[in-house]
>>> print(open('query-v1.cif').read())   # mmCIF, C-alpha atoms
data_coords
loop_
_atom_site.label_atom_id
_atom_site.label_comp_id
_atom_site.auth_asym_id
_atom_site.auth_seq_id
_atom_site.Cartn_x
_atom_site.Cartn_y
_atom_site.Cartn_z
CA MET A 19 0.00 0.00 0.00
CA ILE A 20 1.31 3.46 -0.88
CA ASP A 21 1.86 5.86 2.02
CA ILE A 22 -1.04 8.32 1.98
CA ARG A 23 1.36 11.10 2.97
CA LEU A 24 3.15 10.76 -0.38
CA ILE A 25 -0.13 11.34 -2.18
CA ARG A 26 -0.98 14.34 0.00
CA GLU A 27 2.42 15.94 -0.40
CA ASP A 28 3.19 15.14 -4.05
CA PRO A 29 0.19 13.75 -5.94
CA ALA A 30 1.73 14.66 -9.30
CA GLY A 31 4.89 12.73 -8.42
CA VAL A 32 2.89 9.62 -7.51
CA VAL A 33 0.86 9.93 -10.72
CA ALA A 34 4.09 10.14 -12.75
CA ALA A 35 5.59 7.14 -10.94
CA LEU A 36 2.52 4.96 -11.50
CA LYS A 37 2.38 6.02 -15.14
CA LYS A 38 5.71 4.20 -15.55
CA LYS A 39 3.67 1.06 -14.75
CA LEU A 40 1.16 2.15 -17.39
CA PHE A 41 -1.30 2.77 -14.56
CA ASP A 42 -3.34 5.97 -14.87
CA VAL A 43 -4.81 7.52 -11.75
CA ASP A 44 -6.50 10.80 -10.79
CA PHE A 45 -6.23 11.81 -7.13
CA THR A 46 -8.67 14.76 -7.28
CA GLU A 47 -11.61 12.92 -5.72
CA PHE A 48 -9.36 10.96 -3.38
CA LEU A 49 -7.80 14.11 -1.96
CA SER A 50 -11.30 15.54 -1.46
CA TRP A 51 -12.23 12.43 0.57
CA ASP A 52 -9.04 12.77 2.57
CA GLU A 53 -9.82 16.41 3.33
CA ASP A 54 -13.36 15.50 4.40
CA ALA A 55 -12.03 12.71 6.64
CA ARG A 56 -9.60 15.04 8.37
CA ARG A 57 -12.31 17.70 8.78
CA LEU A 58 -14.64 15.15 10.39
CA THR A 59 -11.83 13.97 12.68
CA ALA A 60 -11.20 17.54 13.82
CA GLU A 61 -14.91 18.15 14.45
CA VAL A 62 -15.25 14.94 16.46
CA GLU A 63 -12.21 15.83 18.55
CA THR A 64 -13.63 19.30 19.25
CA LEU A 65 -16.95 17.81 20.32
CA ARG A 66 -15.25 15.22 22.52
CA ALA A 67 -13.21 17.94 24.19
CA ARG A 68 -16.39 19.92 24.87
CA ARG A 69 -18.11 16.79 26.22
CA ASN A 70 -15.20 15.98 28.51
CA LYS A 71 -15.08 19.54 29.83
CA VAL A 72 -18.80 19.77 30.50
CA SER A 73 -18.96 16.24 31.92
CA SER A 74 -16.39 17.20 34.55
CA GLU A 75 -18.31 20.42 35.38
CA ILE A 76 -21.76 18.85 35.82
CA PRO A 77 -21.03 17.09 39.16
CA GLN A 78 -19.64 20.32 40.59
CA LEU A 79 -22.67 22.34 39.45
CA LYS A 80 -25.02 19.73 40.90
CA LYS A 81 -23.14 19.92 44.18
CA LYS A 82 -23.78 23.66 44.21
CA GLY A 83 -27.46 23.04 43.58
CA GLU A 84 -27.46 24.56 40.10
CA ASN A 85 -29.75 23.40 37.32
CA VAL A 86 -27.88 21.27 34.74
CA ASP A 87 -30.78 20.30 32.50
CA ALA A 88 -29.51 22.45 29.62
CA LEU A 89 -26.05 20.94 29.89
CA MET A 90 -27.47 17.40 30.03
CA LYS A 91 -29.44 18.13 26.88
CA GLU A 92 -26.31 19.48 25.22
CA MET A 93 -24.39 16.34 26.18
CA LYS A 94 -27.05 14.18 24.62
CA GLU A 95 -26.99 16.23 21.42
CA ILE A 96 -23.19 16.08 21.32
CA GLY A 97 -23.29 12.29 21.73
CA THR A 98 -25.76 11.98 18.86
CA ARG A 99 -23.69 14.31 16.70
CA ILE A 100 -20.47 12.39 17.43
CA SER A 101 -22.12 9.09 16.47
CA SER A 102 -23.33 10.58 13.19
CA LEU A 103 -19.93 12.07 12.38
CA GLU A 104 -18.13 8.83 13.24
CA ALA A 105 -20.40 6.90 10.89
CA ASP A 106 -19.68 9.41 8.10
CA HIS A 107 -15.98 9.21 8.88
CA ALA A 108 -15.96 5.40 8.79
CA ALA A 109 -17.67 5.41 5.39
CA ILE A 110 -15.14 7.87 3.95
CA GLU A 111 -12.20 6.00 5.49
CA GLN A 112 -13.43 2.79 3.86
CA ARG A 113 -13.58 4.59 0.51
CA ILE A 114 -10.04 5.90 1.05
CA HIS A 115 -8.67 2.49 1.98
CA ASP A 116 -10.40 0.73 -0.91
CA PHE A 117 -8.83 3.28 -3.26
CA LEU A 118 -5.36 2.88 -1.74
CA TYR A 119 -5.62 -0.92 -1.84
CA SER A 120 -6.35 -0.77 -5.58
CA LEU A 121 -3.09 1.04 -6.37
CA PRO A 122 0.01 -0.89 -7.44
CA ASN A 123 3.38 -0.24 -5.85
CA MET A 124 5.45 2.67 -7.11
CA PRO A 125 8.44 1.52 -9.17
CA ALA A 126 11.96 2.34 -8.05
CA GLU A 127 13.50 5.41 -9.64
CA ASP A 128 16.00 3.36 -11.66
CA VAL A 129 13.31 1.13 -13.18
CA ALA A 130 12.45 1.91 -16.80
CA ALA A 131 8.92 2.89 -17.80
CA GLY A 132 6.81 0.62 -19.97
CA GLY A 133 6.16 -3.07 -20.46
CA LYS A 134 8.14 -6.10 -21.66
CA GLU A 135 9.50 -4.20 -24.62
CA ALA A 136 11.51 -2.02 -22.22
CA ASN A 137 13.10 -4.90 -20.28
CA VAL A 138 16.90 -4.85 -20.35
CA VAL A 139 19.26 -7.85 -20.36
CA VAL A 140 21.99 -6.96 -17.85
CA ARG A 141 24.20 -10.07 -18.24
CA THR A 142 24.39 -13.60 -19.57
CA SER A 143 26.18 -16.69 -18.26
CA GLY A 144 27.67 -19.47 -20.35
CA ASN A 145 27.14 -20.08 -24.04
CA LYS A 146 24.20 -21.39 -26.00
CA PRO A 147 24.71 -25.10 -26.65
CA VAL A 148 25.74 -26.09 -30.17
CA PHE A 149 24.75 -29.56 -31.40
CA SER A 150 26.42 -31.71 -34.06
CA PHE A 151 23.15 -33.62 -34.44
CA GLN A 152 19.46 -32.79 -34.77
CA PRO A 153 18.45 -31.92 -31.19
CA LYS A 154 15.12 -32.99 -29.72
CA ASP A 155 12.66 -30.92 -27.73
CA HIS A 156 12.06 -31.57 -24.03
CA VAL A 157 8.66 -33.21 -24.58
CA THR A 158 10.18 -35.81 -26.90
CA LEU A 159 13.13 -36.36 -24.57
CA ALA A 160 10.99 -36.64 -21.43
CA THR A 161 8.79 -39.19 -23.18
CA SER A 162 11.64 -41.28 -24.64
CA LEU A 163 13.46 -41.28 -21.29
CA ARG A 164 10.20 -42.11 -19.47
CA LEU A 165 10.59 -39.17 -17.11
CA LEU A 166 7.12 -37.66 -17.42
CA ASP A 167 3.68 -38.99 -18.25
CA TYR A 168 1.64 -36.22 -19.82
CA GLU A 169 -1.32 -38.40 -20.79
CA ARG A 170 -1.91 -39.71 -17.28
CA GLY A 171 -1.31 -36.23 -15.86
CA ALA A 172 -4.13 -34.93 -18.06
CA LYS A 173 -6.27 -37.93 -17.08
CA LEU A 174 -5.80 -37.12 -13.40
CA GLY A 175 -6.00 -33.33 -13.44
CA GLY A 176 -6.74 -32.11 -16.97
CA ASN A 177 -4.62 -29.94 -19.25
CA GLY A 178 -1.66 -28.31 -17.54
CA PHE A 179 -0.76 -31.29 -15.32
CA TRP A 180 1.79 -34.08 -15.62
CA VAL A 181 3.08 -37.06 -13.63
CA TYR A 182 6.78 -37.49 -12.76
CA THR A 183 7.84 -41.11 -13.19
CA GLY A 184 10.98 -43.06 -12.32
CA ASP A 185 14.12 -41.03 -13.03
CA GLY A 186 11.91 -38.03 -13.75
CA ALA A 187 10.67 -38.03 -10.17
CA LEU A 188 14.26 -38.51 -8.95
CA LEU A 189 15.53 -35.65 -11.14
CA GLU A 190 12.82 -33.33 -9.84
CA TRP A 191 13.61 -34.28 -6.23
CA ALA A 192 17.34 -33.92 -6.88
CA LEU A 193 16.82 -30.34 -8.06
CA LEU A 194 14.80 -29.49 -4.97
CA SER A 195 17.32 -31.18 -2.68
CA TYR A 196 20.17 -29.27 -4.33
CA PHE A 197 18.34 -25.97 -3.80
CA ILE A 198 17.51 -26.76 -0.17
CA GLN A 199 21.08 -27.78 0.61
CA HIS A 200 22.41 -24.56 -0.95
CA HIS A 201 20.05 -22.21 0.93
CA ARG A 202 20.63 -23.91 4.27
CA LYS A 203 24.37 -23.40 3.86
CA ALA A 204 23.71 -19.73 3.04
CA GLY A 205 21.96 -19.24 6.40
CA TYR A 206 18.31 -19.20 5.33
CA GLN A 207 15.79 -20.79 7.69
CA PHE A 208 13.77 -23.63 6.16
CA ILE A 209 9.97 -23.19 6.38
CA LEU A 210 7.22 -25.59 5.29
CA PRO A 211 4.01 -23.49 5.33
CA PRO A 212 0.35 -24.45 4.85
CA HIS A 213 -0.76 -24.69 1.23
CA LEU A 214 -4.22 -23.37 2.13
CA LEU A 215 -4.18 -19.69 3.05
CA ASN A 216 -6.80 -17.21 4.23
CA TYR A 217 -7.98 -13.99 2.61
CA GLN A 218 -5.74 -11.77 4.75
CA ALA A 219 -2.69 -13.66 3.49
CA GLY A 220 -3.63 -12.86 -0.10
CA PHE A 221 -4.38 -9.26 0.82
CA THR A 222 -1.03 -8.71 2.57
CA ALA A 223 0.84 -10.16 -0.41
CA GLY A 224 -0.98 -7.67 -2.66
CA GLN A 225 -2.82 -10.33 -4.67
CA PHE A 226 -6.25 -9.54 -3.21
CA PRO A 227 -8.68 -8.05 -3.93
CA LYS A 228 -7.62 -7.24 -7.51
CA PHE A 229 -6.18 -10.64 -8.48
CA GLU A 230 -8.50 -12.89 -6.51
CA ASN A 231 -9.67 -14.60 -9.71
CA ASP A 232 -6.13 -15.75 -10.53
CA VAL A 233 -5.98 -18.32 -7.70
CA PHE A 234 -7.78 -21.56 -6.92
CA VAL A 235 -10.38 -20.64 -4.28
CA LEU A 236 -11.96 -23.35 -2.17
CA ARG A 237 -15.70 -23.52 -1.93
CA PRO A 238 -16.66 -22.34 1.61
CA ALA A 239 -17.80 -25.11 3.93
CA GLU A 240 -21.47 -25.20 4.81
CA GLY A 241 -22.09 -22.87 7.75
CA ALA A 242 -18.81 -20.95 7.25
CA GLU A 243 -18.78 -17.31 8.31
CA PRO A 244 -19.59 -14.74 5.58
CA GLY A 245 -16.45 -13.58 3.86
CA HIS A 246 -14.52 -16.69 4.89
CA LEU A 247 -12.18 -17.66 2.06
CA GLN A 248 -9.33 -20.10 1.62
CA PHE A 249 -7.19 -20.52 -1.47
CA LEU A 250 -4.29 -22.64 -2.71
CA LEU A 251 -1.06 -20.69 -2.57
CA PRO A 252 0.17 -19.56 -6.01
CA THR A 253 3.71 -19.22 -4.59
CA ALA A 254 5.32 -19.69 -1.18
CA GLU A 255 5.90 -15.93 -1.13
CA THR A 256 2.21 -15.52 -0.28
CA ALA A 257 2.74 -17.56 2.88
CA LEU A 258 6.20 -16.27 3.84
CA VAL A 259 5.20 -12.60 3.59
CA ASN A 260 2.57 -13.30 6.24
CA LEU A 261 4.83 -14.96 8.81
CA HIS A 262 5.26 -11.67 10.68
CA ARG A 263 1.93 -10.07 9.85
CA ASP A 264 0.82 -7.71 12.63
CA GLU A 265 4.17 -8.07 14.40
CA ILE A 266 6.93 -5.69 15.48
CA LEU A 267 10.41 -7.21 15.16
CA ASN A 268 13.59 -6.15 16.91
CA GLU A 269 16.13 -4.41 14.71
CA SER A 270 18.82 -6.81 15.96
CA GLU A 271 16.86 -9.71 14.40
CA LEU A 272 17.14 -8.28 10.87
CA PRO A 273 17.48 -9.32 8.18
CA ARG A 274 15.25 -12.37 8.58
CA ARG A 275 16.11 -14.89 5.85
CA TYR A 276 13.64 -17.67 5.05
CA PHE A 277 13.20 -20.22 2.30
CA SER A 278 10.40 -22.63 1.59
CA TYR A 279 9.58 -25.52 -0.70
CA THR A 280 6.00 -25.81 -1.94
CA PRO A 281 4.10 -26.77 -5.03
CA CYS A 282 2.63 -23.65 -6.66
CA TYR A 283 -0.95 -23.70 -7.86
CA ARG A 284 -1.81 -21.34 -10.71
CA LYS A 285 -5.32 -20.96 -12.08
CA GLU A 286 -4.21 -19.41 -15.34
CA ALA A 287 -1.76 -21.62 -17.16
CA GLY A 288 -1.86 -19.83 -20.50
CA GLY A 289 -2.12 -21.48 -23.89
CA TYR A 290 -1.15 -24.99 -24.86
CA GLY A 291 0.14 -24.40 -28.36
CA SER A 292 3.58 -25.31 -29.64
CA THR A 293 5.21 -22.51 -27.64
CA GLU A 294 3.84 -23.69 -24.29
CA ARG A 295 4.20 -27.46 -24.59
CA GLY A 296 5.10 -29.85 -21.81
CA MET A 297 6.19 -28.38 -18.48
CA ILE A 298 6.80 -24.81 -19.68
CA ARG A 299 3.49 -23.63 -18.26
CA GLY A 300 1.20 -25.59 -15.98
CA HIS A 301 -1.35 -25.35 -13.18
CA GLN A 302 0.97 -26.97 -10.63
CA PHE A 303 4.75 -26.86 -10.39
CA ASN A 304 7.44 -27.07 -7.71
CA LYS A 305 9.45 -24.13 -6.45
CA VAL A 306 11.84 -23.19 -3.69
CA GLU A 307 11.25 -19.58 -2.63
CA LEU A 308 13.56 -17.18 -0.82
CA PHE A 309 12.10 -14.43 1.35
CA MET A 310 13.60 -11.62 3.44
CA TYR A 311 12.45 -9.04 5.96
CA THR A 312 14.95 -6.17 6.12
CA ARG A 313 15.51 -2.58 7.20
CA PRO A 314 14.82 -0.06 4.40
CA GLN A 315 18.49 0.93 4.16
CA ASP A 316 19.51 -2.70 3.58
CA SER A 317 16.93 -3.87 1.08
CA ASP A 318 18.78 -2.97 -2.14
CA ALA A 319 21.84 -4.94 -0.99
CA MET A 320 19.63 -7.85 0.06
CA LEU A 321 18.04 -7.93 -3.40
CA GLU A 322 21.50 -8.31 -4.93
CA GLU A 323 22.25 -11.10 -2.44
CA MET A 324 19.12 -12.99 -3.48
CA ILE A 325 19.88 -12.59 -7.18
CA GLY A 326 23.40 -13.84 -6.54
CA SER A 327 22.11 -16.88 -4.68
CA ALA A 328 19.80 -17.84 -7.55
CA GLU A 329 22.61 -17.34 -10.06
CA GLN A 330 24.94 -19.58 -8.05
CA LEU A 331 22.42 -22.38 -8.43
CA MET A 332 22.21 -21.81 -12.19
CA GLN A 333 25.97 -21.72 -12.56
CA GLY A 334 26.30 -24.88 -10.50
CA LEU A 335 23.96 -26.62 -12.93
CA GLY A 336 26.02 -25.32 -15.86
CA LEU A 337 23.00 -23.94 -17.70
CA HIS A 338 23.13 -21.02 -20.10
CA TYR A 339 20.93 -18.17 -18.86
CA GLN A 340 20.47 -14.42 -18.82
CA VAL A 341 19.46 -11.87 -16.19
CA SER A 342 16.93 -9.22 -17.18
CA LYS A 343 15.91 -6.08 -15.34
CA LEU A 344 12.17 -5.68 -15.79
CA ALA A 345 10.47 -2.48 -16.85
CA ALA A 346 7.91 -1.05 -14.45
CA ALA A 347 4.77 -2.48 -16.07
CA ASP A 348 6.32 -5.96 -16.30
CA CYS A 349 6.93 -6.03 -12.54
CA SER A 350 4.05 -7.46 -10.54
CA ALA A 351 1.68 -4.98 -8.91
CA SER A 352 3.28 -5.30 -5.47
CA MET A 353 6.90 -4.89 -6.55
CA ALA A 354 9.07 -1.81 -6.88
CA LYS A 355 11.90 -3.57 -8.71
CA THR A 356 12.34 -7.02 -10.27
CA TYR A 357 15.12 -8.98 -11.98
CA ASP A 358 14.32 -12.19 -13.86
CA ILE A 359 16.76 -15.05 -14.33
CA GLU A 360 15.84 -16.70 -17.62
CA VAL A 361 17.12 -20.06 -18.84
CA TRP A 362 17.68 -20.84 -22.51
CA ILE A 363 15.28 -23.38 -24.06
CA PRO A 364 16.92 -24.42 -27.39
CA SER A 365 13.84 -25.93 -29.08
CA MET A 366 11.84 -22.75 -28.45
CA ASN A 367 14.72 -20.39 -29.25
CA VAL A 368 13.74 -18.29 -26.23
CA TYR A 369 14.73 -17.61 -22.64
CA LYS A 370 12.18 -18.59 -19.99
CA GLU A 371 12.01 -17.25 -16.44
CA VAL A 372 13.12 -19.62 -13.68
CA SER A 373 13.48 -16.97 -10.97
CA SER A 374 12.05 -13.55 -10.25
CA ALA A 375 13.89 -11.58 -7.59
CA SER A 376 11.90 -8.61 -6.35
CA ASN A 377 11.88 -5.83 -3.78
CA ALA A 378 8.42 -4.78 -2.58
CA ARG A 379 9.95 -2.17 -0.26
CA GLU A 380 7.31 -1.24 2.36
CA PHE A 381 4.27 -1.92 0.14
CA GLN A 382 3.44 -5.36 1.58
CA ALA A 383 4.54 -4.40 5.10
CA ARG A 384 1.97 -1.59 5.18
CA ARG A 385 -0.79 -3.97 4.08
CA GLY A 386 0.23 -6.49 6.73
CA SER A 387 1.25 -4.03 9.48
CA MET A 388 4.78 -5.45 9.73
CA ARG A 389 7.32 -3.22 11.44
CA TYR A 390 10.52 -3.23 13.46
CA LYS A 391 11.58 -1.08 16.40
CA ASP A 392 14.41 1.21 15.34
CA ALA A 393 17.08 1.04 18.05
CA ALA A 394 18.28 4.63 17.57
CA SER A 395 14.92 6.43 17.50
CA GLY A 396 12.75 3.95 19.39
CA LYS A 397 10.13 4.36 16.66
CA ASN A 398 8.32 1.56 14.86
CA VAL A 399 9.35 1.53 11.19
CA PHE A 400 7.80 -0.44 8.33
CA LEU A 401 9.92 -3.35 7.14
CA HIS A 402 10.98 -3.95 3.56
CA THR A 403 10.07 -7.35 2.10
CA LEU A 404 11.87 -9.16 -0.72
CA ASN A 405 11.40 -12.46 -2.50
CA ALA A 406 13.16 -14.57 -5.12
CA SER A 407 12.62 -17.97 -6.65
CA GLY A 408 15.49 -20.19 -5.71
CA LEU A 409 14.49 -21.87 -8.04
CA ALA A 410 11.36 -23.02 -9.91
CA THR A 411 11.83 -26.43 -11.53
CA SER A 412 9.27 -26.54 -14.35
CA ARG A 413 11.50 -24.68 -16.82
CA LEU A 414 14.80 -26.00 -15.43
CA PHE A 415 13.76 -29.59 -16.06
CA PRO A 416 13.18 -28.96 -19.81
CA ALA A 417 16.33 -26.81 -20.02
CA ILE A 418 18.47 -29.60 -18.53
CA LEU A 419 17.03 -32.13 -20.97
CA GLU A 420 17.55 -29.89 -23.98
CA GLN A 421 20.88 -28.25 -23.14
CA PHE A 422 22.57 -31.49 -21.99
CA GLN A 423 21.13 -33.97 -24.54
CA GLN A 424 23.53 -36.23 -26.39
CA ALA A 425 23.51 -37.69 -29.91
CA ASP A 426 22.51 -41.15 -28.62
CA GLY A 427 19.36 -39.75 -26.97
CA SER A 428 20.82 -39.73 -23.47
CA VAL A 429 21.02 -36.66 -21.22
CA LEU A 430 23.95 -35.76 -18.99
CA ILE A 431 22.99 -35.02 -15.38
CA PRO A 432 24.54 -31.82 -13.93
CA GLN A 433 27.26 -32.65 -11.41
CA PRO A 434 25.48 -31.22 -8.29
CA LEU A 435 22.51 -33.51 -8.95
CA GLN A 436 24.48 -36.71 -9.47
CA PRO A 437 24.84 -37.59 -5.75
CA PHE A 438 21.04 -37.39 -5.38
CA MET A 439 20.44 -39.39 -8.57
CA GLY A 440 23.15 -42.02 -8.10
CA LYS A 441 24.13 -41.72 -11.77
CA ASP A 442 25.59 -39.23 -14.22
CA ARG A 443 23.36 -39.82 -17.22
CA LEU A 444 19.76 -40.50 -18.18
CA GLN A 445 19.55 -43.29 -20.74
CA PRO A 446 16.71 -44.06 -23.18
CA SER A 447 14.84 -47.27 -22.46
CA ALA A 448 15.87 -50.23 -24.54
#
>>> encode(input="query-v1.cif", output="structure tokens")
Amino acid sequence: MIDIRLIREDPAGVVAALKKKLFDVDFTEFLSWDEDARRLTAEVETLRARRNKVSSEIPQLKKKGENVDALMKEMKEIGTRISSLEADHAAIEQRIHDFLYSLPNMPAEDVAAGGKEANVVVRTSGNKPVFSFQPKDHVTLATSLRLLDYERGAKLGGNGFWVYTGDGALLEWALLSYFIQHHRKAGYQFILPPHLLNYQAGFTAGQFPKFENDVFVLRPAEGAEPGHLQFLLPTAETALVNLHRDEILNESELPRRYFSYTPCYRKEAGGYGSTERGMIRGHQFNKVELFMYTRPQDSDAMLEEMIGSAEQLMQGLGLHYQVSKLAAADCSASMAKTYDIEVWIPSMNVYKEVSSASNAREFQARRGSMRYKDAASGKNVFLHTLNASGLATSRLFPAILEQFQQADGSVLIPQPLQPFMGKDRLQPSA
């Protein structure tokens, strides 16, 4: 949520910042509501002060034998007036909050305006593989190596699902084990959160109310309270950002580094044409997620740390990839800055995202009332929250198959995964 003081003090600046995200907003009516809310607050405070003053005088006047009927009548009228003003104020405050909740985060100053067309590749790692034979795509390889069963996945869940089988299940688990081992060594605390989350979790993450239709929502149980909602997490970020909701942390505890493994459940899985075949886009995939709570002055450095951690994993696997800095409108609504790590998929001739590393700054912390006590000032300050995939497997799996395929139809297993697999190569079935 954007700080309302920024809008009061520099509405034109906020408008210009959000325009970089291709988000148009007019604060004229909003500022009028804000002015009305502050006027009502002042009037209520004046009336309360009068009521307190008179209330303390009435017993003394009664003691002196004076008539207080007029004052009692005034007190009643003041009480009625305060109730009416408070109701008006509550209605306006709700309007103000609903408006603020609908706004995306402001992009960082160094983030370019525009959408995908303005993304910038900041570096690449390794070289694109060159084959002396006709390479196969990951769907063909996964099928010939009996790693995935797409037909039975569709039978069980429909389009956008698959079943890991045999060495495919081992390869998937090896990737996850490699990630977990790496992050534990780096000092991140391992978290296994619930996969079913409540509405407030989605709200704090910035996904609700605007993107409520993008997640799998469970049908409320019979007799459930009105407004009760549970949904399947679309990413572990949605859970991890809520660990310290409504809490005040000690500055000495920061930064808090967490990581989590979960499946991710996505309602929209996109198209299923030739460009989105196999595992490239699905309704359920596995991901290890990094998350940090930091002081504002540390968050830029922590973002670089998270990017570096994800890149170390990619380099360990020996995969060719690039890092892109996203333009404002290509960042998610909650994020001020995002870098994508994108792996090369030879058969598609494109790079596909396997990690997004983002800084939400105080946007999510405001929505979830997450602060820390500043040791120097003693004041409660909003935290900065950051997240990064470390990593998602559904594009890595195809990239490994395609980048490391051999002329005989086998696939070399990256060295860090070999101890988990117990072999160095995937061989076609006889």
>>> resolve_selection(input="query-v1.cif", expression="the PyMOL selection byres ((chain A and resi 106-120) around 12)", output="count of residues only")
54
>>> atom_distance(input="query-v1.cif", atom1="CA of Gly132 (chain A)", atom2="CA of Val368 (chain A)")
21.1 Å
>>> atom_distance(input="query-v1.cif", atom1="CA of Lys305 (chain A)", atom2="CA of Phe197 (chain A)")
9.5 Å
>>> residues_around(input="query-v1.cif", residues="region 254-262 of chain A", least_positions_apart="2", cutoff="7 Å", atoms="all atoms listed in the file", output="PyMOL selection string")
chain A and resi 211+219-220+222-223+251+264-265+278+280+307+309+388+405
>>> residues_around(input="query-v1.cif", residues="Arg284 (chain A)", least_positions_apart="3", cutoff="8 Å", atoms="only C-alpha atoms", output="PyMOL selection string")
chain A and resi 232-234+252+287+300-302
>>> closest_residue(input="query-v1.cif", among="A:Trp180, A:Trp362, A:Tyr196, A:Trp191", to="Glu420 (chain A)", atoms="only C-alpha atoms")
A:Trp362
>>> residues_around(input="query-v1.cif", residues="Ile209 (chain A)", least_positions_apart="3", cutoff="8 Å", atoms="all atoms listed in the file", output="list in words")
Tyr276, Phe277, Ser278 and Tyr279 of chain A
